[in-house]
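Working notes for the structure below.
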Amino acid sequence: MRLRALGLNYRTAPVEVREKFSLSREAVRRGLENLEEYDGLSEAVILSTCNRLEVYAVAAEGCELSVKNFLADLTGGVDEKYLYEFGGEECVRHLFEVAASLDSLVLGEGQILSQVKDAYALAKEVGATATILNTLFHKAIASGKSVRAETKIAYSSVSVSSAAVQLAAEKLGGLAGKKALIFGAGKMARLTAQHLKSRGIGKIFVANRHLERAQEMALEIGGEAVPWEEALPGAAEIDIIITSTGAPHYVVKPWQTQQLMTKRGGRGIFFIDIAVPRDVDPEVGRIHGVTLYNIDDLEAVVESHVAARRLEAESARKIIEADVAAMMERFKSLKFRPLMADLSNRAEKIRERELKRISGKLTDLSEEERRAVEQMTRKIVRKLLRLPMMKLNASAGTQEENFYAEAVRALFRE
């Protein structure tokens, strides 16, 4: 069996590409439920976030193409120039770096570890994982936790939401006394509101398709909820609009924005779109007086904060390399687990058959004596198999592994 990772992220694909392949939880579930339709694929986990879409899979030797077919069917097809692929140890290392946020747009951000956990939990719930990916993801999550606990990589970490607010503050010359409108009431929107408050924003308005959620968030942050349909038309006095919804389509359109700009009488406005898929039609940025930034535009802001954490990233990589080495050693023993289980099962069947054959001659034994005989025969089997098992396990990953595997198969084949 071969371990594979196939995907795209913010480094290989711009936001206009990534947003086309942002999968809903239900789409991920449906894909995993149909995993058995792909030749040689026995396990899979799908990680879909605003900055990446990745498939981690276990494929039979010679069936690596099935991973690409699986991803293509999930997405409707992805141009290969945007994709990267890892196998074996490189796949393990990549997942560990992802879980530790070393592969994130925002180095040290904490959300990705939760996203890895959620992706694994869904795959396990659907029944799309078994020994290999269960072992891999448990270790990856533990490694991610160790990195955050043993290094300072997360200290003073810049999140996407805080980078958006910093960008707004820089472009507006500070946020004191300014007014902001936030579209969305999810986790990212709440974090954005908190950062706005910490920067001294004058007033925050919240719009959400479900007014009660907007009201709940507004109460939490000391802002004001506005009905969804009235939010953009009523933004004549707003200085900055930040969008962070989960909508699959644009929620801010050019014609609406043009009407808003007419009301504003030439006064400019800033839009920062941190959603994937994007919330603001790119054409909005062409309207006179509008300045529009999307999530990819935040990279320069994030980069300015990365230097202080790069030394911590080196410490994190040392932890990861040790964990990768331990994982590869673990996989060596897992490689022979089916063969070792088969060997144990064969021996156990022989033990049971012979014990059953002689039981008719042991009619005078008490129940306690029968249990003693049962226990004794089990111990004999375990002791006979101990040395072959140890030799087989020790040969994993060496030039002798095929020799020992074939020897065991030949010697115990009935």
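Numbering starts fresh at 1 for the residues of each chain in the structure tokens, the chains themselves are lettered A, B, ... in the order given, and ligands are numbered from 1 as they appear.
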
Q. Leaving out Thr12 of chain A and any residue of its chain fewer than 2 positions from it, which residues lie within 12 Å of it when counting only C-alpha atoms, given as a ChimeraX atom specification?
A. /A:7-10,14-18,51-53,78-85,105,296

Q: Give me every alpha helix (DSSP H) residue in segment 231-263 of chain A, going by DSSP on the backbone, as a VMD selection string.
A: chain A and resid 231 254 to 263

Q: Kindly indicate which residue among A:Leu196, A:Val284, A:Ala322, A:Ala164 lies nearest to Lys179 of chain A, using only C-alpha atoms for the distances.
A: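 Nearest candidate to Lys179 of chain A out of A:Leu196, A:Val284, A:Ala322, A:Ala164: A:Leu196.
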
Q) Could you name the residues that touch segment 254-268 of chain A at 10 Å or less, counting only C-alpha atoms, but leaving out those on the same chain fewer than 5 positions away, as a ChimeraX atom specification? A) /A:232-240,280-291

Q: Find the distance between atom CA of Lys124 of chain A and atom CA of Ala27 of chain A and write it in Å to one decimal.
A: 15.5 Å

Output as an mmCIF file with N, CA and C atoms, in the first residue's frame all residues of segment 43-193 of chain A that backbone DSSP marks as strand (DSSP E).
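The result, stored in result-v5.cif:
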```cif
data_model
loop_
_atom_site.group_PDB
_atom_site.id
_atom_site.type_symbol
_atom_site.label_atom_id
_atom_site.label_comp_id
_atom_site.auth_asym_id
_atom_site.auth_seq_id
_atom_site.Cartn_x
_atom_site.Cartn_y
_atom_site.Cartn_z
ATOM 1 N N GLU A 43 -8.338 3.984 1.861
ATOM 2 C CA GLU A 43 -8.546 4.978 2.911
ATOM 3 C C GLU A 43 -8.369 6.375 2.316
ATOM 4 N N ALA A 44 -9.067 7.363 2.902
ATOM 5 C CA ALA A 44 -8.892 8.748 2.431
ATOM 6 C C ALA A 44 -9.379 9.739 3.477
ATOM 7 N N VAL A 45 -8.726 10.894 3.515
ATOM 8 C CA VAL A 45 -9.152 12.044 4.304
ATOM 9 C C VAL A 45 -9.075 13.259 3.376
ATOM 10 N N ILE A 46 -10.095 14.115 3.404
ATOM 11 C CA ILE A 46 -10.129 15.313 2.569
ATOM 12 C C ILE A 46 -10.049 16.538 3.471
ATOM 13 N N LEU A 47 -9.047 17.361 3.237
ATOM 14 C CA LEU A 47 -8.861 18.595 4.007
ATOM 15 C C LEU A 47 -9.193 19.779 3.098
ATOM 16 N N SER A 48 -10.295 20.466 3.386
ATOM 17 C CA SER A 48 -10.729 21.599 2.571
ATOM 18 C C SER A 48 -10.854 22.840 3.444
ATOM 19 N N THR A 49 -10.014 23.851 3.185
ATOM 20 C CA THR A 49 -10.043 25.113 3.926
ATOM 21 C C THR A 49 -9.999 26.255 2.911
ATOM 22 N N ARG A 52 -6.521 25.805 1.157
ATOM 23 C CA ARG A 52 -6.026 24.545 0.604
ATOM 24 C C ARG A 52 -7.151 23.541 0.389
ATOM 25 N N LEU A 53 -6.919 22.640 -0.551
ATOM 26 C CA LEU A 53 -7.743 21.451 -0.735
ATOM 27 C C LEU A 53 -6.783 20.293 -0.944
ATOM 28 N N GLU A 54 -6.819 19.316 -0.042
ATOM 29 C CA GLU A 54 -5.877 18.199 -0.107
ATOM 30 C C GLU A 54 -6.595 16.882 0.145
ATOM 31 N N VAL A 55 -6.156 15.861 -0.583
ATOM 32 C CA VAL A 55 -6.627 14.492 -0.359
ATOM 33 C C VAL A 55 -5.445 13.670 0.133
ATOM 34 N N TYR A 56 -5.607 13.039 1.281
ATOM 35 C CA TYR A 56 -4.626 12.086 1.804
ATOM 36 C C TYR A 56 -5.238 10.701 1.615
ATOM 37 N N ALA A 57 -4.508 9.816 0.955
ATOM 38 C CA ALA A 57 -5.110 8.531 0.618
ATOM 39 C C ALA A 57 -4.113 7.385 0.751
ATOM 40 N N VAL A 58 -4.652 6.195 0.911
ATOM 41 C CA VAL A 58 -3.868 4.961 0.885
ATOM 42 C C VAL A 58 -4.282 4.213 -0.370
ATOM 43 N N ALA A 59 -3.330 4.019 -1.269
ATOM 44 C CA ALA A 59 -3.611 3.379 -2.557
ATOM 45 C C ALA A 59 -2.767 2.117 -2.709
ATOM 46 N N TYR A 84 0.112 19.745 -6.340
ATOM 47 C CA TYR A 84 1.341 19.128 -5.853
ATOM 48 C C TYR A 84 0.978 17.737 -5.362
ATOM 49 N N GLU A 85 1.978 16.876 -5.320
ATOM 50 C CA GLU A 85 1.745 15.485 -4.922
ATOM 51 C C GLU A 85 2.921 15.000 -4.094
ATOM 52 N N PHE A 86 2.617 14.294 -3.029
ATOM 53 C CA PHE A 86 3.650 13.729 -2.161
ATOM 54 C C PHE A 86 3.333 12.257 -1.907
ATOM 55 N N GLY A 87 4.393 11.484 -1.745
ATOM 56 C CA GLY A 87 4.206 10.076 -1.430
ATOM 57 C C GLY A 87 5.081 9.661 -0.264
ATOM 58 N N LYS A 179 -15.982 53.904 11.031
ATOM 59 C CA LYS A 179 -17.120 52.990 11.083
ATOM 60 C C LYS A 179 -16.867 51.808 10.160
ATOM 61 N N ALA A 180 -17.183 50.609 10.655
ATOM 62 C CA ALA A 180 -16.955 49.383 9.878
ATOM 63 C C ALA A 180 -18.246 48.584 9.766
ATOM 64 N N LEU A 181 -18.409 47.948 8.619
ATOM 65 C CA LEU A 181 -19.528 47.034 8.395
ATOM 66 C C LEU A 181 -18.948 45.658 8.103
ATOM 67 N N ILE A 182 -19.396 44.656 8.860
ATOM 68 C CA ILE A 182 -18.926 43.290 8.664
ATOM 69 C C ILE A 182 -20.060 42.438 8.112
ATOM 70 N N PHE A 183 -19.834 41.800 6.981
ATOM 71 C CA PHE A 183 -20.780 40.822 6.456
ATOM 72 C C PHE A 183 -20.352 39.446 6.949
#
```

Q.
Just to confirm, what's the straight-line distance from atom CA of Val206 of chain A to atom CA of Ala225 of chain A in Å (one decimal)?
A. 4.7 Å

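Taking only C-alpha atoms into account, Tyr404 of chain A lies nearest to A:Pro388 out of the set A:Gly202, A:Gly360, A:Pro388, A:Gly110.
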